[in-house]
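The next block is entry.tsv, given as TSV, C-alpha atoms.
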chain	number	residue	atom	x	y	z
A	22	MET	CA	0.00	0.00	0.00
A	23	THR	CA	1.38	3.39	-0.92
A	24	ARG	CA	1.68	5.87	1.85
A	25	SER	CA	-0.61	8.80	1.38
A	26	PRO	CA	1.27	12.07	1.50
A	27	THR	CA	-1.15	13.35	4.12
A	28	GLU	CA	-0.84	10.28	6.34
A	29	ARG	CA	0.65	10.97	9.72
A	30	THR	CA	1.66	8.72	12.53
A	31	LEU	CA	0.98	9.97	16.03
A	32	GLN	CA	3.52	9.06	18.62
A	33	ALA	CA	1.97	8.52	22.05
A	34	SER	CA	4.28	9.79	24.74
A	35	ALA	CA	4.76	8.15	28.11
A	36	ASP	CA	2.48	10.76	29.64
A	37	ASP	CA	-0.22	9.95	27.07
A	38	HIS	CA	-0.07	6.33	28.20
A	39	ARG	CA	-0.32	7.35	31.85
A	40	ILE	CA	-3.29	9.60	31.09
A	41	ALA	CA	-4.98	6.79	29.16
A	42	SER	CA	-4.57	4.27	31.95
A	43	LEU	CA	-5.76	6.76	34.60
A	44	ALA	CA	-8.77	7.56	32.40
A	45	ALA	CA	-9.50	3.84	32.06
A	46	LEU	CA	-9.35	3.42	35.84
A	47	ALA	CA	-11.60	6.49	36.22
A	48	ILE	CA	-14.16	4.98	33.82
A	49	ALA	CA	-14.12	1.74	35.84
A	50	LEU	CA	-14.66	3.71	39.06
A	51	GLY	CA	-17.42	5.63	37.27
A	52	MET	CA	-19.20	2.32	36.66
A	53	VAL	CA	-18.91	1.56	40.39
A	54	ASP	CA	-20.36	5.01	41.12
A	55	ALA	CA	-23.32	4.34	38.84
A	56	ALA	CA	-23.97	0.97	40.46
A	57	ILE	CA	-24.09	2.28	44.03
A	58	PRO	CA	-27.70	2.93	45.03
A	59	SER	CA	-28.32	6.52	46.08
A	60	PRO	CA	-30.83	7.75	48.69
A	61	LEU	CA	-31.39	11.03	46.86
A	62	PRO	CA	-30.98	11.80	43.16
A	63	GLY	CA	-27.70	13.64	42.77
A	64	VAL	CA	-25.95	12.06	45.75
A	65	LYS	CA	-23.09	9.91	44.49
A	66	PRO	CA	-19.69	9.18	46.01
A	67	GLY	CA	-17.87	10.36	42.87
A	68	LEU	CA	-15.12	7.77	43.22
A	69	ALA	CA	-13.95	8.46	39.66
A	70	ASN	CA	-12.70	11.84	40.84
A	71	ILE	CA	-9.97	10.07	42.82
A	72	MET	CA	-8.24	9.52	39.47
A	73	THR	CA	-8.62	13.21	38.55
A	74	LEU	CA	-6.96	14.16	41.84
A	75	PHE	CA	-4.24	11.57	41.35
A	76	ALA	CA	-3.55	12.86	37.83
A	77	LEU	CA	-3.56	16.43	39.13
A	78	HIS	CA	-0.90	15.66	41.69
A	79	THR	CA	1.33	13.36	39.65
A	80	LEU	CA	1.00	14.76	36.09
A	81	GLY	CA	-0.41	18.27	36.47
A	82	TRP	CA	-3.61	20.13	35.73
A	83	ARG	CA	-3.70	19.54	31.96
A	84	ALA	CA	-3.50	15.80	32.52
A	85	ALA	CA	-6.30	16.06	35.09
A	86	VAL	CA	-8.45	17.80	32.47
A	87	TRP	CA	-7.74	15.02	29.95
A	88	VAL	CA	-8.45	12.22	32.44
A	89	THR	CA	-11.71	13.84	33.52
A	90	LEU	CA	-13.06	14.60	30.05
A	91	LEU	CA	-12.12	11.12	28.77
A	92	ARG	CA	-13.86	9.65	31.82
A	93	VAL	CA	-17.05	11.68	31.32
A	94	ILE	CA	-17.29	10.69	27.65
A	95	GLY	CA	-16.23	7.06	28.25
A	96	ALA	CA	-18.67	6.60	31.12
A	97	GLY	CA	-21.40	8.23	29.01
A	98	LEU	CA	-20.74	5.71	26.22
A	99	LEU	CA	-20.70	2.72	28.56
A	100	LEU	CA	-23.80	3.76	30.51
A	101	GLY	CA	-25.67	4.74	27.34
A	102	SER	CA	-26.21	8.22	28.73
A	103	LEU	CA	-24.15	10.10	26.15
A	104	PHE	CA	-25.78	13.52	25.41
A	105	THR	CA	-28.67	12.89	27.84
A	106	PRO	CA	-29.40	15.43	30.60
A	107	GLY	CA	-27.43	13.27	33.03
A	108	PHE	CA	-24.39	13.42	30.76
A	109	TRP	CA	-24.54	17.22	30.52
A	110	LEU	CA	-24.85	17.47	34.28
A	111	SER	CA	-21.83	15.22	34.64
A	112	LEU	CA	-19.89	17.34	32.14
A	113	GLY	CA	-20.99	20.60	33.76
A	114	GLY	CA	-19.93	19.43	37.20
A	115	ALA	CA	-16.63	18.14	35.83
A	116	LEU	CA	-15.83	21.42	34.05
A	117	ALA	CA	-16.71	23.50	37.12
A	118	SER	CA	-14.49	21.42	39.37
A	119	LEU	CA	-11.64	21.42	36.82
A	120	LEU	CA	-11.77	25.21	36.62
A	121	LEU	CA	-11.65	25.40	40.40
A	122	LEU	CA	-8.76	22.93	40.55
A	123	GLY	CA	-6.95	25.14	38.05
A	124	ALA	CA	-7.53	28.14	40.30
A	125	CYS	CA	-6.42	26.09	43.33
A	126	ARG	CA	-2.86	25.98	41.95
A	127	VAL	CA	-2.30	29.29	43.74
A	128	LEU	CA	-2.71	27.52	47.09
A	129	PRO	CA	0.76	26.82	48.52
A	130	GLU	CA	1.44	23.08	48.58
A	131	ARG	CA	3.15	23.42	51.94
A	132	HIS	CA	-0.15	24.16	53.70
A	133	PHE	CA	-2.82	22.63	51.46
A	134	SER	CA	-2.94	18.94	50.55
A	135	LEU	CA	-5.08	17.11	47.98
A	136	VAL	CA	-7.83	16.95	50.62
A	137	SER	CA	-8.37	20.72	50.28
A	138	HIS	CA	-8.47	20.41	46.51
A	139	SER	CA	-10.97	17.57	46.75
A	140	LEU	CA	-13.24	19.38	49.22
A	141	LEU	CA	-13.33	22.53	47.11
A	142	ALA	CA	-13.73	20.66	43.81
A	143	ALA	CA	-16.66	18.69	45.23
A	144	GLN	CA	-18.48	21.92	46.07
A	145	ALA	CA	-17.63	23.40	42.65
A	146	HIS	CA	-19.00	20.23	41.04
A	147	LEU	CA	-22.28	20.66	42.93
A	148	LEU	CA	-22.53	24.38	42.13
A	149	GLY	CA	-21.87	23.76	38.43
A	150	GLN	CA	-24.56	21.10	38.31
A	151	LEU	CA	-27.12	23.13	40.25
A	152	LEU	CA	-26.48	26.09	37.97
A	153	LEU	CA	-27.12	23.93	34.90
A	154	VAL	CA	-30.27	22.48	36.46
A	155	ARG	CA	-31.53	25.96	37.39
A	156	LEU	CA	-30.82	27.34	33.90
A	157	PHE	CA	-32.04	24.50	31.70
A	158	LEU	CA	-33.81	21.63	33.46
A	159	ILE	CA	-35.87	23.11	36.32
A	160	PRO	CA	-35.98	26.89	35.84
A	161	TYR	CA	-37.36	27.66	39.32
A	162	ASP	CA	-35.61	28.88	42.43
A	163	ASN	CA	-37.35	26.09	44.34
A	164	ILE	CA	-34.53	23.69	43.52
A	165	LEU	CA	-32.25	25.74	45.76
A	166	VAL	CA	-33.79	23.96	48.78
A	167	LEU	CA	-31.84	20.94	47.56
A	168	PHE	CA	-28.56	22.80	48.01
A	169	PRO	CA	-27.84	22.32	51.75
A	170	PRO	CA	-28.33	18.52	51.86
A	171	LEU	CA	-26.44	18.06	48.58
A	172	ALA	CA	-23.62	20.30	49.83
A	173	LEU	CA	-23.38	18.15	52.96
A	174	ALA	CA	-23.10	15.05	50.78
A	175	ALA	CA	-20.45	16.80	48.65
A	176	LEU	CA	-18.49	17.71	51.79
A	177	LEU	CA	-18.43	14.09	52.96
A	178	SER	CA	-17.63	12.56	49.58
A	179	GLY	CA	-15.06	15.28	48.86
A	180	ALA	CA	-13.26	14.52	52.12
A	181	ALA	CA	-13.37	10.76	51.56
A	182	ASN	CA	-12.12	10.96	47.95
A	183	GLY	CA	-9.42	13.44	48.94
A	184	LEU	CA	-8.14	11.13	51.66
A	185	ILE	CA	-8.14	8.13	49.33
A	186	ALA	CA	-6.34	10.12	46.61
A	187	SER	CA	-3.67	11.44	48.97
A	188	HIS	CA	-3.11	7.92	50.28
A	189	LEU	CA	-2.66	6.71	46.69
A	190	VAL	CA	-0.25	9.57	46.03
A	191	GLN	CA	1.79	8.66	49.12
A	192	VAL	CA	2.03	5.04	47.99
A	193	HIS	CA	2.93	6.20	44.46
A	194	ASP	CA	5.62	8.60	45.67
A	195	LYS	CA	7.28	5.88	47.76
A	196	ASP	CA	7.75	3.60	44.74
B	20	MET	CA	-2.01	13.61	55.45
B	21	PHE	CA	-3.98	16.63	56.72
B	22	LYS	CA	-2.14	19.94	56.54
B	23	ALA	CA	-3.02	23.19	58.32
B	24	GLY	CA	-4.77	24.65	55.28
B	25	ASP	CA	-6.97	21.58	54.96
B	26	TYR	CA	-8.47	22.23	58.40
B	27	LEU	CA	-9.07	25.84	57.33
B	28	VAL	CA	-10.88	24.73	54.16
B	29	LEU	CA	-12.88	22.12	56.08
B	30	LEU	CA	-13.94	24.57	58.80
B	31	THR	CA	-14.88	27.26	56.26
B	32	LEU	CA	-17.00	24.82	54.27
B	33	CYS	CA	-18.69	23.52	57.45
B	34	ALA	CA	-19.54	27.10	58.49
B	35	LEU	CA	-20.98	27.89	55.03
B	36	LEU	CA	-22.97	24.66	55.12
B	37	LEU	CA	-24.42	25.51	58.53
B	38	ALA	CA	-25.35	28.97	57.23
B	39	ALA	CA	-27.05	27.38	54.20
B	40	PHE	CA	-29.12	25.07	56.42
B	41	LEU	CA	-30.12	27.96	58.71
B	42	GLN	CA	-31.06	30.12	55.72
B	43	LEU	CA	-33.21	27.30	54.35
B	44	GLY	CA	-35.03	26.91	57.69
B	45	ARG	CA	-35.67	30.65	57.90
B	46	HIS	CA	-37.13	30.90	54.44
B	47	ALA	CA	-39.41	27.95	54.96
B	48	GLY	CA	-40.76	29.66	58.10
B	49	GLU	CA	-41.75	32.99	56.60
B	50	ALA	CA	-45.52	33.24	56.27
B	51	ASP	CA	-47.36	36.50	55.71
B	52	SER	CA	-50.93	35.54	54.91
B	53	VAL	CA	-53.51	32.82	55.34
B	54	ILE	CA	-55.57	31.32	52.53
B	55	VAL	CA	-59.12	30.30	53.44
B	56	ARG	CA	-60.63	27.62	51.22
B	57	GLN	CA	-64.22	26.38	51.04
B	58	ASN	CA	-64.95	23.24	49.05
B	59	GLY	CA	-61.33	23.34	47.94
B	60	THR	CA	-61.53	26.74	46.26
B	61	GLU	CA	-59.85	29.80	47.69
B	62	THR	CA	-62.43	32.26	49.02
B	63	VAL	CA	-60.28	34.84	50.77
B	64	ARG	CA	-56.65	35.58	51.58
B	65	LEU	CA	-56.06	37.43	54.86
B	66	PRO	CA	-52.82	39.12	55.94
B	67	LEU	CA	-51.33	37.71	59.15
B	68	ARG	CA	-50.25	41.09	60.49
B	69	LEU	CA	-53.83	42.21	61.21
B	70	ASN	CA	-55.55	40.53	64.15
B	71	ARG	CA	-59.08	39.58	63.21
B	72	LEU	CA	-61.78	36.95	63.29
B	73	HIS	CA	-63.09	35.56	60.01
B	74	VAL	CA	-66.17	33.39	59.71
B	75	ALA	CA	-66.59	30.88	56.89
B	76	ARG	CA	-69.94	29.20	56.23
B	77	GLY	CA	-69.91	25.52	55.36
B	78	PRO	CA	-72.62	22.83	55.01
B	79	LEU	CA	-72.61	22.17	58.80
B	80	GLY	CA	-72.49	25.75	59.96
B	81	LEU	CA	-69.93	28.40	60.79
B	82	THR	CA	-66.15	27.89	61.10
B	83	GLU	CA	-64.36	30.67	62.97
B	84	ILE	CA	-60.81	31.50	61.89
B	85	GLU	CA	-58.79	33.67	64.25
B	86	ILE	CA	-55.65	35.60	63.32
B	87	HIS	CA	-53.55	36.86	66.21
B	88	ASN	CA	-49.90	37.94	66.48
B	89	GLY	CA	-48.95	36.65	63.05
B	90	GLN	CA	-50.46	33.23	63.70
B	91	ALA	CA	-53.75	31.68	62.64
B	92	ARG	CA	-56.01	28.98	64.04
B	93	ILE	CA	-59.46	27.49	63.72
B	94	ARG	CA	-61.20	28.84	66.82
B	95	ARG	CA	-64.51	27.09	66.48
B	96	ASP	CA	-65.89	24.51	64.07
B	97	PRO	CA	-69.12	22.50	63.93
B	98	GLY	CA	-67.30	19.28	62.91
B	99	PRO	CA	-67.82	16.28	65.24
B	100	ARG	CA	-64.16	15.44	65.91
B	101	GLN	CA	-62.64	18.93	66.14
B	102	TYR	CA	-59.30	17.88	64.60
B	103	CYS	CA	-58.68	21.28	63.00
B	104	VAL	CA	-59.43	23.10	66.28
B	105	GLN	CA	-57.09	20.83	68.23
B	106	GLN	CA	-54.30	21.59	65.79
B	107	GLY	CA	-54.00	24.97	67.49
B	108	TRP	CA	-51.99	27.90	66.19
B	109	LEU	CA	-50.33	27.67	62.77
B	110	ARG	CA	-47.08	29.65	62.45
B	111	HIS	CA	-45.00	28.41	59.53
B	112	ASN	CA	-45.24	28.76	55.79
B	113	GLY	CA	-47.09	25.74	54.43
B	114	ASP	CA	-48.86	24.86	57.70
B	115	ILE	CA	-52.39	23.71	57.02
B	116	ALA	CA	-55.54	22.93	59.05
B	117	VAL	CA	-58.48	21.18	57.40
B	118	CYS	CA	-62.02	21.00	58.80
B	119	LEU	CA	-63.20	18.24	56.51
B	120	PRO	CA	-66.84	17.86	57.65
B	121	ASN	CA	-67.49	21.56	57.15
B	122	ARG	CA	-65.33	21.68	54.00
B	123	VAL	CA	-63.20	24.60	55.22
B	124	SER	CA	-59.41	24.73	55.30
B	125	ILE	CA	-56.75	27.32	56.08
B	126	GLU	CA	-53.19	27.36	54.81
B	127	LEU	CA	-50.36	29.71	55.72
B	128	THR	CA	-48.45	31.12	52.80
B	129	GLY	CA	-45.60	33.54	52.27
B	130	PRO	CA	-43.67	35.39	49.60
B	131	ARG	CA	-42.03	32.07	48.79
B	132	GLN	CA	-44.21	29.03	48.38
B	133	ALA	CA	-43.17	26.23	50.74
B	134	HIS	CA	-42.77	22.73	49.37
B	135	ASP	CA	-45.02	19.86	50.24
B	136	SER	CA	-43.10	17.60	47.87
B	137	LEU	CA	-40.43	17.58	45.19
B	138	ALA	CA	-40.59	15.31	42.18
B	139	TYR	CA	-37.95	14.61	39.59

Show me the file's structure as structure tokens.
Amino acid sequence: MTRSPTERTLQASADDHRIASLAALAIALGMVDAAIPSPLPGVKPGLANIMTLFALHTLGWRAAVWVTLLRVIGAGLLLGSLFTPGFWLSLGGALASLLLLGACRVLPERHFSLVSHSLLAAQAHLLGQLLLVRLFLIPYDNILVLFPPLALAALLSGAANGLIASHLVQVHDKD
Amino acid sequence: MFKAGDYLVLLTLCALLLAAFLQLGRHAGEADSVIVRQNGTETVRLPLRLNRLHVARGPLGLTEIEIHNGQARIRRDPGPRQYCVQQGWLRHNGDIAVCLPNRVSIELTGPRQAHDSLAY
């Protein structure tokens, strides 16, 4: 076969491979998230975000963005929820927390660990989703009564995921 | 694993969360008027800041609705079991007293409608 003059070969770097495997792990954790029964719509542990935090700490913010977006799209494909309202909410929450994680880079690492990042990102995730719901899905202020209980859930899951991620990072740094 | 800043973030978020819960409770409690219904249709809406006695006529007779100090109650009702009278003073947005035999009900309402349920 003759090579087309426009054909190009993409070389995947070592970081690309790391991002891909973290994204794959995040998708698997996303499946676990989806399988866990939830007492209230919108309350989920968000285990997949552990991989975002791990990527953030080990590979940087751009890698965290890649891992998260690949996870959102991959989980949407596997769950059959691609481009449904649930998918947009997932994407909206992910983008809001990624933006906040980007802003969090100003926090000095000496005083703030991944737990801080996780706690703040969990709240940003919730705010991004509620904003989308308020704007497009349920355009009434009534949904704001959902905020306090959901924020409590986000606080707990944010703390748990942050602790798990920083433990993983500690194990990773030792090796 | 926890650093000093983490405690700061955690405490700040806890304080904001507490404030959010308190704010929610306050809004749910604000009522400024009472809706009187007969046969399920609203007949009159009375402000809670004026003390007064309102009488509604139902199939059994007269139901007396009293408004006093920003609260409302059924003072007298011809119904046999007196459930709505025993309910006493209503204070919060969304509180409701129903005198079923005489087909009269009162409901407290405010600038924001309280929720009796949320559906997705």

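CA of Lys195 (chain A) lies 25.0 Å from CA of Val86 (chain A).
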
Practice prompt. Pull out every residue of chain B that has at least one atom within 7 Å of chain A, counting all atoms listed in the file, and report them as a ChimeraX atom specification.
Written response: /B:21-25,28,36,39-40,43

Worksheet item: Counting all atoms listed in the file, which of A:Ala174, A:Met52, A:Val154, A:Leu147 gets nearest to Cys33 (chain B)?
Response: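 Residue with the minimum atom-to-atom distance to Cys33 (chain B): A:Ala174.
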
Can you pull out every residue within 8 Å of Ala142 (chain A), counting only C-alpha atoms, but drop anything in the same chain fewer than 3 positions away, and send it as a PDB file with C-alpha atoms, keeping the file's coordinate frame?
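Written file, selection.pdb:
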ATOM      1  CA  ALA A 117     -16.710  23.500  37.120  1.00  0.00           C
ATOM      2  CA  SER A 118     -14.490  21.420  39.370  1.00  0.00           C
ATOM      3  CA  LEU A 119     -11.640  21.420  36.820  1.00  0.00           C
ATOM      4  CA  LEU A 121     -11.650  25.400  40.400  1.00  0.00           C
ATOM      5  CA  LEU A 122      -8.760  22.930  40.550  1.00  0.00           C
ATOM      6  CA  HIS A 138      -8.470  20.410  46.510  1.00  0.00           C
ATOM      7  CA  SER A 139     -10.970  17.570  46.750  1.00  0.00           C
ATOM      8  CA  ALA A 145     -17.630  23.400  42.650  1.00  0.00           C
ATOM      9  CA  HIS A 146     -19.000  20.230  41.040  1.00  0.00           C
ATOM     10  CA  GLY A 179     -15.060  15.280  48.860  1.00  0.00           C
TER      11      GLY A 179
END

Write out as lines of an AutoDock Vina configuration file an axis-aligned box for region 89-103 of chain A: all of its atoms listed in the file, 6 Å added on each side, centre and edge lengths in Å with one decimal.
center_x = -19.0
center_y = 8.7
center_z = 29.8
size_x = 26.5
size_y = 23.9
size_z = 19.4

Response to the item:
What separates CA of Arg95 (chain B) and CA of Leu81 (chain B) is a distance of 8.0 Å

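If all atoms listed in the file are the atoms counted, then among A:Thr89, A:Ser111, A:Thr79, A:Ser25 the closest residue to Leu153 (chain A) is A:Ser111.
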
Just the residues within 12 Å of Ser42 (chain A), please, counting all atoms listed in the file, with nothing from its chain fewer than 3 positions along; format it as a compact mmCIF listing (two decimals) with C-alpha atoms, in the coordinates of the input.
# COMPACT_ATOMS: atom_id res chain seq x y z
CA ALA A 35 4.76 8.15 28.11
CA ASP A 36 2.48 10.76 29.64
CA ASP A 37 -0.22 9.95 27.07
CA HIS A 38 -0.07 6.33 28.20
CA ARG A 39 -0.32 7.35 31.85
CA ALA A 45 -9.50 3.84 32.06
CA LEU A 46 -9.35 3.42 35.84
CA ALA A 47 -11.60 6.49 36.22
CA ILE A 48 -14.16 4.98 33.82
CA ALA A 49 -14.12 1.74 35.84
CA MET A 72 -8.24 9.52 39.47
CA THR A 73 -8.62 13.21 38.55
CA PHE A 75 -4.24 11.57 41.35
CA ALA A 76 -3.55 12.86 37.83
CA ALA A 84 -3.50 15.80 32.52
CA TRP A 87 -7.74 15.02 29.95
CA VAL A 88 -8.45 12.22 32.44
CA LEU A 91 -12.12 11.12 28.77
CA ARG A 92 -13.86 9.65 31.82

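For the pair CA of Leu116 (chain A) and CA of Gly81 (chain A), the interatomic distance is 15.9 Å.
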
Practice prompt. Choose the residue, out of B:Ala50, B:Gly98, B:Gln106, B:Leu27, that has the smallest atom-to-atom separation from Gly80 (chain B); count all atoms listed in the file.
Written response: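 Of the candidates, the smallest distance to Gly80 (chain B) is held by B:Gly98.
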
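All protein and nucleic acid residues in the vicinity of (-25.5, 16.7, 29.2), that is within 12 Å when counting all atoms listed in the file, are Val93, Ile94, Gly97, Ser102, Leu103, Phe104, Thr105, Pro106, Gly107, Phe108, Trp109, Leu110, Ser111, Leu112, Gly113, Gly114, Ala115, Leu116, Gln150, Leu153, Val154, Phe157 and Leu158 of chain A.
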
Worksheet entry | Given only C-alpha atoms as the counted atoms, nearest of B:Val55, B:Leu79, B:Leu69, B:Leu41 to Ile93 (chain B) |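 That would be B:Val55, the residue with the smallest distance to Ile93 (chain B).
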